[in-house]
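Below is the file final-v5.cif, which contains mmCIF, C-alpha atoms.
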data_target
#
loop_
_atom_site.label_atom_id
_atom_site.label_comp_id
_atom_site.auth_asym_id
_atom_site.auth_seq_id
_atom_site.Cartn_x
_atom_site.Cartn_y
_atom_site.Cartn_z
CA MET A 1 19.47 268.95 63.69
CA ALA A 2 16.44 270.14 65.68
CA LYS A 3 16.12 268.99 69.24
CA ARG A 4 13.42 266.47 70.06
CA ASP A 5 10.63 267.43 72.39
CA PHE A 6 11.69 266.68 75.97
CA TYR A 7 8.43 264.87 76.72
CA GLU A 8 8.93 262.72 73.64
CA VAL A 9 12.50 261.95 74.73
CA LEU A 10 11.28 260.59 78.07
CA GLY A 11 8.18 259.00 76.57
CA VAL A 12 5.64 260.78 78.77
CA ASP A 13 2.64 263.04 78.19
CA ARG A 14 2.72 266.75 78.93
CA SER A 15 0.24 266.13 81.74
CA ALA A 16 2.58 263.62 83.43
CA SER A 17 3.20 264.10 87.15
CA ALA A 18 6.64 264.59 88.69
CA ASP A 19 6.67 260.96 89.85
CA GLU A 20 5.76 259.71 86.37
CA ILE A 21 8.53 261.82 84.80
CA LYS A 22 11.05 260.54 87.35
CA LYS A 23 9.99 256.93 86.80
CA ALA A 24 10.26 257.29 83.01
CA TYR A 25 13.72 258.88 83.34
CA ARG A 26 15.03 256.09 85.54
CA LYS A 27 13.80 253.47 83.10
CA LYS A 28 15.39 255.22 80.13
CA ALA A 29 18.66 255.84 81.98
CA LYS A 30 18.99 252.18 82.83
CA GLU A 31 18.30 251.16 79.24
CA LEU A 32 20.68 253.69 77.61
CA HIS A 33 23.58 253.94 80.03
CA PRO A 34 26.83 253.69 77.99
CA ASP A 35 28.32 251.06 80.28
CA ARG A 36 25.41 248.78 79.41
CA ASN A 37 25.43 249.55 75.68
CA ALA A 38 29.03 249.14 74.59
CA ASP A 39 27.88 247.97 71.15
CA ASN A 40 25.62 250.99 70.59
CA PRO A 41 27.61 254.01 69.28
CA ASN A 42 24.62 256.32 69.87
CA ALA A 43 24.10 255.31 73.50
CA GLU A 44 26.16 258.17 74.94
CA THR A 45 24.35 260.78 72.84
CA GLN A 46 20.95 259.33 73.78
CA PHE A 47 21.97 259.15 77.42
CA LYS A 48 22.90 262.84 77.42
CA GLU A 49 19.62 263.63 75.67
CA ILE A 50 17.46 262.02 78.36
CA ASN A 51 19.50 263.70 81.10
CA GLU A 52 18.99 267.07 79.42
CA ALA A 53 15.26 266.41 79.17
CA TYR A 54 14.97 265.29 82.78
CA ASP A 55 17.04 268.21 84.05
CA ALA A 56 14.53 270.55 82.45
CA LEU A 57 11.36 268.75 83.45
CA LYS A 58 12.18 267.76 87.01
CA ASP A 59 12.46 271.40 88.13
CA PRO A 60 9.01 273.07 88.39
CA GLU A 61 10.37 276.48 87.26
CA LYS A 62 12.27 275.07 84.29
CA LYS A 63 9.33 272.87 83.36
CA ALA A 64 6.96 275.85 83.40
CA ALA A 65 9.38 277.82 81.19
CA TYR A 66 9.74 274.90 78.78
CA ASP A 67 5.96 274.36 78.61
CA ARG A 68 5.58 278.04 77.66
CA PHE A 69 8.55 278.72 75.39
CA GLY A 70 9.84 275.29 74.40
CA HIS A 71 13.60 274.92 73.79
CA ALA A 72 13.86 278.71 73.42
CA ALA A 73 13.48 278.92 77.21
CA PHE A 74 17.05 277.63 77.54
CA ASP A 75 18.72 279.58 74.75
CA GLY A 76 19.70 282.37 77.17
CA GLY A 77 17.33 285.02 75.86
CA MET A 78 14.12 284.14 77.70
CA GLY A 79 15.41 284.49 81.24
CA GLY A 80 14.44 280.94 82.04
CA GLY A 81 17.61 279.08 81.22
CA PRO A 82 19.54 276.93 83.66
CA ARG A 83 20.92 279.04 86.48
CA GLY A 84 24.66 279.50 85.89
CA GLY A 85 24.44 276.92 83.12
CA ARG A 86 25.77 276.43 79.70
CA PRO A 87 23.82 275.91 76.45
CA GLY A 88 22.43 272.43 76.30
CA GLY A 89 20.43 272.40 79.50
CA PHE A 90 22.72 270.50 81.92
CA GLY A 91 23.39 273.63 83.98
CA GLY A 92 27.05 272.73 84.55
CA ASN A 93 28.54 269.70 86.25
CA ALA A 94 26.56 270.25 89.43
CA ASP A 95 23.20 270.14 87.61
CA PHE A 96 24.24 267.07 85.63
CA ALA A 97 25.25 265.27 88.81
CA SER A 98 21.93 266.26 90.39
CA ALA A 99 19.96 264.88 87.47
CA PHE A 100 21.99 261.69 87.30
CA SER A 101 21.84 261.06 91.06
CA ASP A 102 18.24 259.78 90.82
CA VAL A 103 19.28 256.82 88.70
CA PHE A 104 22.78 256.44 90.11
CA GLU A 105 21.56 254.51 93.13
CA ASP A 106 19.49 252.12 91.02
CA LEU A 107 22.39 251.38 88.65
CA PHE A 108 24.98 250.83 91.38
CA GLY A 109 22.83 249.77 94.32
CA ASP A 110 25.29 247.06 95.30
CA PHE A 111 28.03 249.64 95.94
CA VAL A 112 26.16 252.74 97.08
CA GLY A 113 24.34 253.15 100.38
CA GLY A 114 20.87 254.65 100.76
CA ARG A 115 20.43 258.27 99.73
CA GLY A 116 21.41 260.60 102.52
CA GLY A 117 24.16 258.28 103.79
CA GLY A 118 24.22 258.26 107.52
CA ARG A 119 25.67 255.65 109.79
CA THR A 120 24.03 252.74 111.47
CA ARG A 121 23.32 253.54 115.06
CA ALA A 122 21.11 251.68 117.48
CA ALA A 123 19.26 248.79 115.88
CA ARG A 124 16.21 246.95 117.18
CA GLY A 125 16.77 243.37 118.30
CA SER A 126 15.36 240.41 116.41
CA ASP A 127 11.96 238.91 117.21
CA LEU A 128 11.93 235.33 118.45
CA ARG A 129 9.45 232.47 118.07
CA TYR A 130 8.64 229.78 120.63
CA ASN A 131 6.35 226.82 119.86
CA MET A 132 4.33 225.74 122.89
CA ARG A 133 2.31 222.53 123.07
CA ILE A 134 -0.50 222.29 125.63
CA THR A 135 -3.31 219.84 126.41
CA LEU A 136 -6.98 220.39 125.62
CA GLU A 137 -7.67 220.57 129.37
CA GLU A 138 -5.15 223.41 129.70
CA ALA A 139 -6.71 225.18 126.74
CA TYR A 140 -10.11 224.86 128.46
CA SER A 141 -9.14 226.26 131.84
CA GLY A 142 -6.15 228.43 130.91
CA THR A 143 -2.75 227.93 132.47
CA ARG A 144 0.58 229.52 133.30
CA LYS A 145 3.73 228.01 131.85
CA THR A 146 7.38 228.68 132.60
CA ILE A 147 9.56 228.48 129.52
CA ARG A 148 13.30 228.77 128.96
CA VAL A 149 14.35 230.75 125.90
CA PRO A 150 17.96 231.05 124.64
CA ARG A 151 18.48 234.56 123.31
CA LEU A 152 21.03 237.32 122.82
CA SER A 153 20.86 239.58 125.86
CA SER A 154 22.58 242.87 126.56
CA CYS A 155 26.03 242.26 128.06
CA GLU A 156 25.97 243.17 131.75
CA SER A 157 29.70 243.86 131.88
CA CYS A 158 29.64 246.67 129.30
CA ASN A 159 25.93 247.61 129.43
CA GLY A 160 25.61 246.68 125.76
CA THR A 161 28.22 249.13 124.45
CA GLY A 162 30.77 246.45 123.60
CA ALA A 163 33.55 248.50 125.24
CA GLU A 164 35.39 247.52 128.39
CA GLY A 165 33.91 249.21 131.43
CA GLY A 166 30.88 250.44 129.49
CA ALA A 167 32.80 253.18 127.66
CA GLU A 168 31.08 254.74 124.68
CA PRO A 169 32.30 253.79 121.18
CA VAL A 170 34.32 256.42 119.29
CA ALA A 171 34.00 257.70 115.74
CA CYS A 172 35.61 255.46 113.12
CA PRO A 173 38.87 257.08 111.90
CA THR A 174 38.52 255.60 108.41
CA CYS A 175 35.15 257.17 107.56
CA SER A 176 35.11 259.93 110.21
CA GLY A 177 31.94 258.48 111.66
CA MET A 178 29.94 258.52 108.40
CA GLY A 179 29.85 254.76 107.96
CA LYS A 180 30.78 255.11 104.26
CA VAL A 181 33.91 255.78 102.23
CA ARG A 182 34.10 257.30 98.76
CA ALA A 183 36.25 256.14 95.86
CA GLN A 184 36.72 257.70 92.42
CA GLN A 185 36.02 255.31 89.56
CA GLY A 186 36.52 257.20 86.32
CA PHE A 187 33.53 259.46 85.73
CA PHE A 188 31.78 258.37 88.95
CA THR A 189 32.34 258.80 92.65
CA VAL A 190 31.19 255.62 94.34
CA GLU A 191 30.28 255.22 98.00
CA ARG A 192 30.91 251.94 99.78
CA THR A 193 30.27 250.68 103.28
CA CYS A 194 33.27 251.44 105.48
CA PRO A 195 35.33 248.23 105.85
CA THR A 196 36.64 249.25 109.27
CA CYS A 197 33.33 249.81 111.11
CA SER A 198 31.03 247.84 108.76
CA GLY A 199 28.85 250.92 108.29
CA SER A 200 28.23 251.68 111.96
CA GLY A 201 30.42 254.80 111.97
CA GLN A 202 31.84 253.75 115.34
CA ILE A 203 34.54 251.48 116.66
CA VAL A 204 35.31 250.08 120.08
CA LYS A 205 38.87 250.79 121.22
CA ASN A 206 38.94 248.36 124.14
CA PRO A 207 36.49 245.50 123.44
CA CYS A 208 34.66 244.03 126.40
CA LYS A 209 36.27 240.75 127.47
CA THR A 210 32.91 239.20 128.33
CA CYS A 211 31.19 239.69 124.96
CA SER A 212 34.31 240.30 122.80
CA GLY A 213 32.99 243.71 121.81
CA ALA A 214 29.64 242.46 120.50
CA GLY A 215 27.65 244.15 123.26
CA ARG A 216 25.44 241.05 123.48
CA SER A 217 25.89 237.50 124.69
CA GLU A 218 23.68 234.44 124.55
CA LYS A 219 21.84 233.62 127.74
CA GLU A 220 18.90 231.43 128.63
CA ALA A 221 15.97 233.43 129.97
CA SER A 222 13.28 231.94 132.20
CA LEU A 223 9.89 233.48 131.42
CA SER A 224 6.42 232.96 132.84
CA VAL A 225 3.71 232.89 130.17
CA ASN A 226 0.01 233.26 130.86
CA ILE A 227 -2.11 231.09 128.51
CA PRO A 228 -5.71 232.37 128.47
CA ALA A 229 -8.67 229.99 128.47
CA GLY A 230 -10.04 229.20 125.02
CA VAL A 231 -6.79 229.24 123.02
CA GLU A 232 -6.60 226.94 120.02
CA THR A 233 -3.92 225.74 117.66
CA GLY A 234 -2.44 228.73 115.83
CA THR A 235 -3.10 231.25 118.59
CA ARG A 236 -0.18 233.70 118.82
CA ILE A 237 0.78 235.36 122.09
CA ARG A 238 3.15 238.34 121.96
CA LEU A 239 5.54 239.13 124.79
CA SER A 240 6.73 242.65 124.14
CA GLY A 241 10.44 243.30 124.69
CA GLU A 242 11.29 239.64 125.39
CA GLY A 243 13.12 239.03 122.10
CA GLU A 244 16.80 239.58 121.45
CA ALA A 245 18.54 242.68 122.80
CA GLY A 246 19.08 245.56 120.38
CA LEU A 247 22.45 246.70 119.08
CA ARG A 248 24.14 249.67 120.76
CA GLY A 249 21.27 250.45 123.07
CA GLY A 250 18.54 249.75 120.52
CA PRO A 251 15.17 248.44 121.74
CA PRO A 252 14.76 244.68 122.18
CA GLY A 253 12.65 242.58 119.86
CA ASP A 254 9.50 240.70 120.84
CA LEU A 255 8.89 237.04 121.66
CA TYR A 256 5.97 235.33 119.93
CA ILE A 257 4.46 232.22 121.50
CA PHE A 258 2.69 229.97 118.96
CA VAL A 259 0.25 227.61 120.68
CA ASN A 260 -0.41 224.04 119.53
CA VAL A 261 -3.21 222.17 121.30
CA ALA A 262 -2.60 218.42 121.39
CA ASP A 263 -5.26 215.96 120.18
CA HIS A 264 -7.44 214.48 122.92
CA PRO A 265 -8.25 210.76 123.19
CA ILE A 266 -11.94 211.41 124.00
CA PHE A 267 -12.94 214.83 122.69
CA LYS A 268 -12.70 216.39 119.26
CA ARG A 269 -12.78 220.16 118.98
CA GLU A 270 -14.22 222.48 116.37
CA ASP A 271 -13.92 226.13 117.44
CA VAL A 272 -15.86 226.24 120.77
CA THR A 273 -17.82 223.03 120.13
CA LEU A 274 -16.68 219.67 121.50
CA PHE A 275 -17.66 216.30 120.07
CA CYS A 276 -17.71 213.04 122.01
CA ARG A 277 -18.47 209.69 120.35
CA VAL A 278 -20.15 207.38 122.85
CA PRO A 279 -20.66 203.66 122.11
CA VAL A 280 -23.97 202.09 123.25
CA SER A 281 -25.05 198.48 123.13
CA MET A 282 -27.54 197.31 120.54
CA ALA A 283 -30.00 196.45 123.30
CA ARG A 284 -29.74 199.85 125.00
CA ALA A 285 -30.12 201.66 121.70
CA ALA A 286 -33.26 199.63 120.99
CA LEU A 287 -34.81 199.80 124.46
CA GLY A 288 -33.56 203.25 125.48
CA GLY A 289 -31.86 204.17 128.72
CA GLU A 290 -29.08 206.40 130.05
CA VAL A 291 -25.33 206.64 129.52
CA GLU A 292 -22.77 208.52 131.59
CA VAL A 293 -20.41 210.73 129.60
CA PRO A 294 -17.35 212.76 130.70
CA THR A 295 -17.05 216.52 130.29
CA ILE A 296 -13.88 218.50 129.60
CA ASP A 297 -13.98 220.13 133.04
CA GLY A 298 -13.55 216.71 134.65
CA GLY A 299 -17.20 216.25 135.52
CA ARG A 300 -19.83 213.71 134.46
CA SER A 301 -23.20 214.07 132.80
CA ARG A 302 -25.97 211.51 132.35
CA VAL A 303 -27.51 211.52 128.90
CA LYS A 304 -30.85 209.92 128.06
CA VAL A 305 -30.76 207.59 125.05
CA PRO A 306 -34.17 207.50 123.33
CA ALA A 307 -35.53 204.05 122.44
CA GLY A 308 -34.81 203.08 118.86
CA SER A 309 -31.71 205.28 118.54
CA GLN A 310 -29.49 204.69 115.51
CA SER A 311 -25.75 205.19 115.06
CA GLY A 312 -24.89 208.82 114.40
CA ARG A 313 -27.70 210.26 116.47
CA GLN A 314 -26.55 213.37 118.36
CA MET A 315 -27.58 214.89 121.67
CA ARG A 316 -26.50 218.33 122.81
CA LEU A 317 -25.13 219.31 126.20
CA ARG A 318 -25.38 223.08 126.32
CA GLY A 319 -22.52 225.05 127.83
CA LYS A 320 -20.23 222.02 128.11
CA GLY A 321 -17.91 223.02 125.26
CA MET A 322 -14.85 225.28 125.14
CA PRO A 323 -14.81 228.85 126.46
CA ALA A 324 -14.72 231.67 123.92
CA LEU A 325 -11.24 233.20 123.70
CA ARG A 326 -12.63 236.62 122.85
CA GLY A 327 -15.95 237.11 124.52
CA SER A 328 -17.91 235.29 127.19
CA GLY A 329 -19.73 232.02 127.57
CA HIS A 330 -18.99 228.47 126.46
CA GLY A 331 -19.80 226.39 123.45
CA ASP A 332 -21.79 223.13 123.53
CA MET A 333 -20.78 219.49 123.57
CA LEU A 334 -22.38 217.12 121.08
CA ILE A 335 -22.77 213.47 122.02
CA GLU A 336 -22.79 211.15 119.01
CA LEU A 337 -24.10 207.63 119.54
CA ALA A 338 -22.32 204.64 118.02
CA VAL A 339 -24.50 201.53 118.21
CA GLU A 340 -22.16 198.63 118.85
CA THR A 341 -22.66 195.17 117.40
CA PRO A 342 -21.69 192.41 119.86
CA VAL A 343 -18.85 190.05 118.98
CA ASN A 344 -17.62 186.64 120.22
CA LEU A 345 -21.16 185.42 120.92
CA THR A 346 -21.87 182.23 122.83
CA SER A 347 -24.17 179.56 121.39
CA ARG A 348 -27.01 180.68 123.64
CA GLN A 349 -26.59 184.32 122.60
CA LYS A 350 -26.68 183.31 118.96
CA GLU A 351 -29.89 181.32 119.53
CA LEU A 352 -31.54 184.29 121.22
CA LEU A 353 -30.49 186.67 118.44
CA GLU A 354 -31.78 184.32 115.74
CA GLU A 355 -35.08 184.08 117.55
CA PHE A 356 -35.13 187.84 117.97
CA GLU A 357 -34.41 188.29 114.25
CA LYS A 358 -37.44 186.15 113.32
CA LEU A 359 -39.71 188.07 115.66
CA SER A 360 -38.51 191.56 114.70
CA ALA A 361 -38.80 191.49 110.93
CA GLU A 362 -41.52 194.13 111.02
CA ASN A 363 -39.69 196.28 113.59
CA ASN A 364 -36.98 197.50 111.25
CA PRO A 365 -38.68 200.25 109.19
CA GLU A 366 -35.50 201.42 107.51
CA SER A 367 -34.63 197.92 106.29
CA SER A 368 -38.19 197.31 105.06
CA SER A 369 -38.20 200.60 103.15
CA PHE A 370 -34.81 199.91 101.60
CA PHE A 371 -35.65 196.42 100.36
CA ASP A 372 -39.00 197.59 99.01
CA LYS A 373 -37.08 200.11 96.89
CA VAL A 374 -34.65 197.39 95.80
CA LYS A 375 -37.53 195.13 94.73
CA GLY A 376 -39.07 197.97 92.74
CA PHE A 377 -35.71 198.62 91.07
CA TRP A 378 -35.28 195.00 90.01
CA ASP A 379 -38.89 194.80 88.74
CA GLY A 380 -38.27 197.93 86.68
CA MET A 381 -35.13 196.42 85.14
CA LYS A 382 -37.00 193.27 84.10
CA SER A 383 -39.74 195.22 82.37
#
With the file now loaded, output its structure as structure tokens.
Amino acid sequence: MAKRDFYEVLGVDRSASADEIKKAYRKKAKELHPDRNADNPNAETQFKEINEAYDALKDPEKKAAYDRFGHAAFDGGMGGGPRGGRPGGFGGNADFASAFSDVFEDLFGDFVGGRGGGRTRAARGSDLRYNMRITLEEAYSGTRKTIRVPRLSSCESCNGTGAEGGAEPVACPTCSGMGKVRAQQGFFTVERTCPTCSGSGQIVKNPCKTCSGAGRSEKEASLSVNIPAGVETGTRIRLSGEGEAGLRGGPPGDLYIFVNVADHPIFKREDVTLFCRVPVSMARAALGGEVEVPTIDGGRSRVKVPAGSQSGRQMRLRGKGMPALRGSGHGDMLIELAVETPVNLTSRQKELLEEFEKLSAENNPESSSFFDKVKGFWDGMKS
């Protein structure tokens, strides 16, 4: 039976790149592996076929020979066959293992470590998060806070080595310092993390009594944090190297401060703009006058209320808002008037308001306009 074209076996075009060929091979190998196709009697033959195809196409020299001469390149007479190989294209056990190694890790990723092995040495410490709540006044002026953070710090007794007296760890006798052990499982040689050293490749002979060999212990650190003016809820401040200590001399992690600005009873904030709702009496809104309003810096400002002001009218105080966190200058403060209706009136006050109502019928332009529109609406409905 004639051999199938290697590109057809892998399901790729002749113009496919090395990465595309490798990706196609891995997909096919996963689908056709005999251990996953016990009910398919042809799985082993198909699996060998894709390995033969990949072995030829993954090597630039073999691929060039195959593109030029086809399967004849590996018959032994063209000078382009597998080096030291046998007919069939696997190139001996070594070449087969090389071809299969690309998919081996994907199929048995739970048992095999990353390609290249290697042991775990120094590891960076974990980052930490601290939520800080401040007032709007503190966000306006900036402040300095002292916080206490529980974290894993390098053990002072052993200098982070985990060994008594600061002695250096020694190579693990089980894995000879590689961090992995190999076991033969039928056709395959499987690598597993060393159970003795947990993959570190090192063990501590005499564990430190202070940290029990961990090299780190939990301590509460007191840190001073500078909060810049203009911060708002969600601002993140990074303190480099203030996270947890690293393992076996690894660098420490970072500490991230997440700022939350508390709501204010007087001011509302939107970016750098502040809003202040100021109630005014009905008489002052009608006659005009001045009101005294607070500012976020603790000062006072007098604002002129124009005669005839309505609820919702806004006046702007320039430069009285929040400072810009990135940049210069301050935002503005907007004063919003809320015309207040009096309550709990005395008999005399009611008499005066009733008299005022009779005399001011023509002094309410908005009411007159509204009821004129209502009258027109009703007349239109009747007709």
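Distance-wise, CA of His71 (chain A) and CA of Ile50 (chain A) end up 14.2 Å apart.
Between CA of Phe267 (chain A) and CA of Arg316 (chain A) lies a distance of 14.0 Å.
Distance check against Ser217 (chain A) using only C-alpha atoms: of A:Pro252, A:Gly230, A:Gly201, A:Gly162, the minimum falls on A:Gly162.
The space between CA of Asp379 (chain A) and CA of Lys358 (chain A) spans 26.1 Å.
When only C-alpha atoms are used to measure the gap to Pro251 (chain A), the shortest distance among A:Gly125, A:Pro195, A:Gly319, A:Gly160 belongs to A:Gly125.
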Explicit residues for the PyMOL selection byres ((chain A and resi 261) around 8) (as a VMD selection string):
chain A and resid 133 to 136 139 232 to 233 259 to 260 262 to 263
Exactly which residues make up the result of the PyMOL selection byres ((chain A and resi 326-340) around 7) on this file, given as a PyMOL selection string?
chain A and resi 272-282+285+310-325+341-342
Writing out the chosen residues with C-alpha atoms as a PDB file, in the frame of the given file:
ATOM      1  CA  VAL A 272     -15.860 226.240 120.770  1.00  0.00           C
ATOM      2  CA  THR A 273     -17.820 223.030 120.130  1.00  0.00           C
ATOM      3  CA  LEU A 274     -16.680 219.670 121.500  1.00  0.00           C
ATOM      4  CA  PHE A 275     -17.660 216.300 120.070  1.00  0.00           C
ATOM      5  CA  CYS A 276     -17.710 213.040 122.010  1.00  0.00           C
ATOM      6  CA  ARG A 277     -18.470 209.690 120.350  1.00  0.00           C
ATOM      7  CA  VAL A 278     -20.150 207.380 122.850  1.00  0.00           C
ATOM      8  CA  PRO A 279     -20.660 203.660 122.110  1.00  0.00           C
ATOM      9  CA  VAL A 280     -23.970 202.090 123.250  1.00  0.00           C
ATOM     10  CA  SER A 281     -25.050 198.480 123.130  1.00  0.00           C
ATOM     11  CA  MET A 282     -27.540 197.310 120.540  1.00  0.00           C
ATOM     12  CA  ALA A 285     -30.120 201.660 121.700  1.00  0.00           C
ATOM     13  CA  GLN A 310     -29.490 204.690 115.510  1.00  0.00           C
ATOM     14  CA  SER A 311     -25.750 205.190 115.060  1.00  0.00           C
ATOM     15  CA  GLY A 312     -24.890 208.820 114.400  1.00  0.00           C
ATOM     16  CA  ARG A 313     -27.700 210.260 116.470  1.00  0.00           C
ATOM     17  CA  GLN A 314     -26.550 213.370 118.360  1.00  0.00           C
ATOM     18  CA  MET A 315     -27.580 214.890 121.670  1.00  0.00           C
ATOM     19  CA  ARG A 316     -26.500 218.330 122.810  1.00  0.00           C
ATOM     20  CA  LEU A 317     -25.130 219.310 126.200  1.00  0.00           C
ATOM     21  CA  ARG A 318     -25.380 223.080 126.320  1.00  0.00           C
ATOM     22  CA  GLY A 319     -22.520 225.050 127.830  1.00  0.00           C
ATOM     23  CA  LYS A 320     -20.230 222.020 128.110  1.00  0.00           C
ATOM     24  CA  GLY A 321     -17.910 223.020 125.260  1.00  0.00           C
ATOM     25  CA  MET A 322     -14.850 225.280 125.140  1.00  0.00           C
ATOM     26  CA  PRO A 323     -14.810 228.850 126.460  1.00  0.00           C
ATOM     27  CA  ALA A 324     -14.720 231.670 123.920  1.00  0.00           C
ATOM     28  CA  LEU A 325     -11.240 233.200 123.700  1.00  0.00           C
ATOM     29  CA  THR A 341     -22.660 195.170 117.400  1.00  0.00           C
ATOM     30  CA  PRO A 342     -21.690 192.410 119.860  1.00  0.00           C
TER      31      PRO A 342
END
The PyMOL selection byres ((chain A and resi 237-244) around 12) resolved against shown file, as a PyMOL selection string:
chain A and resi 123-132+148-155+215-228+231-236+245-247+249-260
Might I get the box with edges along x, y and z of the file that holds all atoms of region 191-196 of chain A listed there, padded by 4 Å on every side, given as centre and edge lengths in Å to one decimal, as lines of an AutoDock Vina configuration file?
center_x = 33.5
center_y = 251.7
center_z = 103.6
size_x = 14.4
size_y = 15.0
size_z = 19.3
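You can rank A:Tyr140, A:Arg26, A:Asp19, A:Lys373 by their closest distance to Asp297 (chain A) using all atoms listed in the file, and at the top of that list sits A:Tyr140.
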Excluding same-chain residues fewer than 5 positions from Tyr66 (chain A), what lies within 9 Å of it counting all atoms listed in the file, as a PyMOL selection string?
chain A and resi 6+56-57+61+71-74+80
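Residues surrounding Ser198 (chain A) within 12 Å are Gly113, Arg119, Thr120, Arg121, Cys172, Thr174, Cys175, Gly177, Met178, Gly179, Lys180, Val181, Arg192, Thr193, Cys194, Pro195, Thr196, Ser200, Gly201, Gln202 and Ile203 of chain A [all atoms listed in the file; sequence separation below 2 positions excluded].
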Please identify all polymer residues within 6 Å of region 27-38 of chain A, counting only C-alpha atoms, omitting same-chain residues fewer than 4 positions from it, and present them as a JSON list (two decimals) with C-alpha atoms, in the frame of the given file.
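Heads up, here's the output in around_27.json:
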[["chain", "number", "residue", "atom", "x", "y", "z"],
["A", 43, "ALA", "CA", 24.10, 255.31, 73.50],
["A", 44, "GLU", "CA", 26.16, 258.17, 74.94],
["A", 47, "PHE", "CA", 21.97, 259.15, 77.42]]
Can we get region 264-269 of chain A of that structure written down with all heavy atoms, as a JSON list (two decimals), in the first residue's frame?
[["chain", "number", "residue", "atom", "x", "y", "z"],
["A", 264, "HIS", "N", -18.80, 62.45, 52.04],
["A", 264, "HIS", "CA", -18.76, 63.64, 52.89],
["A", 264, "HIS", "C", -20.18, 64.12, 53.16],
["A", 264, "HIS", "O", -21.04, 64.05, 52.26],
["A", 264, "HIS", "CB", -17.94, 64.74, 52.20],
["A", 264, "HIS", "CG", -17.49, 65.81, 53.13],
["A", 264, "HIS", "ND1", -18.29, 66.87, 53.50],
["A", 264, "HIS", "CD2", -16.31, 65.99, 53.79],
["A", 264, "HIS", "CE1", -17.63, 67.67, 54.31],
["A", 264, "HIS", "NE2", -16.42, 67.16, 54.51],
["A", 265, "PRO", "N", -20.47, 64.61, 54.36],
["A", 265, "PRO", "CA", -21.84, 65.05, 54.65],
["A", 265, "PRO", "C", -22.25, 66.34, 53.94],
["A", 265, "PRO", "O", -23.44, 66.63, 53.83],
["A", 265, "PRO", "CB", -21.82, 65.25, 56.18],
["A", 265, "PRO", "CG", -20.37, 65.49, 56.52],
["A", 265, "PRO", "CD", -19.59, 64.67, 55.56],
["A", 266, "ILE", "N", -21.29, 67.10, 53.44],
["A", 266, "ILE", "CA", -21.62, 68.40, 52.81],
["A", 266, "ILE", "C", -21.31, 68.39, 51.32],
["A", 266, "ILE", "O", -22.12, 68.85, 50.50],
["A", 266, "ILE", "CB", -20.84, 69.55, 53.49],
["A", 266, "ILE", "CG1", -21.26, 69.66, 54.96],
["A", 266, "ILE", "CG2", -21.07, 70.87, 52.75],
["A", 266, "ILE", "CD1", -20.47, 70.70, 55.73],
["A", 267, "PHE", "N", -20.15, 67.86, 50.95],
["A", 267, "PHE", "CA", -19.70, 67.94, 49.56],
["A", 267, "PHE", "C", -19.89, 66.61, 48.83],
["A", 267, "PHE", "O", -19.74, 65.53, 49.41],
["A", 267, "PHE", "CB", -18.23, 68.34, 49.50],
["A", 267, "PHE", "CG", -17.91, 69.64, 50.21],
["A", 267, "PHE", "CD1", -17.30, 69.63, 51.46],
["A", 267, "PHE", "CD2", -18.24, 70.85, 49.64],
["A", 267, "PHE", "CE1", -17.01, 70.80, 52.11],
["A", 267, "PHE", "CE2", -17.95, 72.04, 50.29],
["A", 267, "PHE", "CZ", -17.34, 72.02, 51.54],
["A", 268, "LYS", "N", -20.19, 66.72, 47.57],
["A", 268, "LYS", "CA", -20.19, 65.58, 46.65],
["A", 268, "LYS", "C", -19.09, 65.82, 45.63],
["A", 268, "LYS", "O", -18.88, 66.96, 45.18],
["A", 268, "LYS", "CB", -21.54, 65.44, 45.93],
["A", 268, "LYS", "CG", -22.73, 65.24, 46.87],
["A", 268, "LYS", "CD", -22.64, 63.94, 47.63],
["A", 268, "LYS", "CE", -23.85, 63.75, 48.54],
["A", 268, "LYS", "NZ", -23.74, 62.54, 49.37],
["A", 269, "ARG", "N", -18.42, 64.74, 45.26],
["A", 269, "ARG", "CA", -17.26, 64.88, 44.37],
["A", 269, "ARG", "C", -17.49, 64.19, 43.04],
["A", 269, "ARG", "O", -18.04, 63.10, 42.98],
["A", 269, "ARG", "CB", -16.02, 64.28, 45.04],
["A", 269, "ARG", "CG", -14.77, 64.36, 44.17],
["A", 269, "ARG", "CD", -13.61, 63.66, 44.85],
["A", 269, "ARG", "NE", -12.37, 63.81, 44.09],
["A", 269, "ARG", "CZ", -11.21, 63.29, 44.47],
["A", 269, "ARG", "NH1", -11.11, 62.60, 45.59],
["A", 269, "ARG", "NH2", -10.13, 63.47, 43.72]]
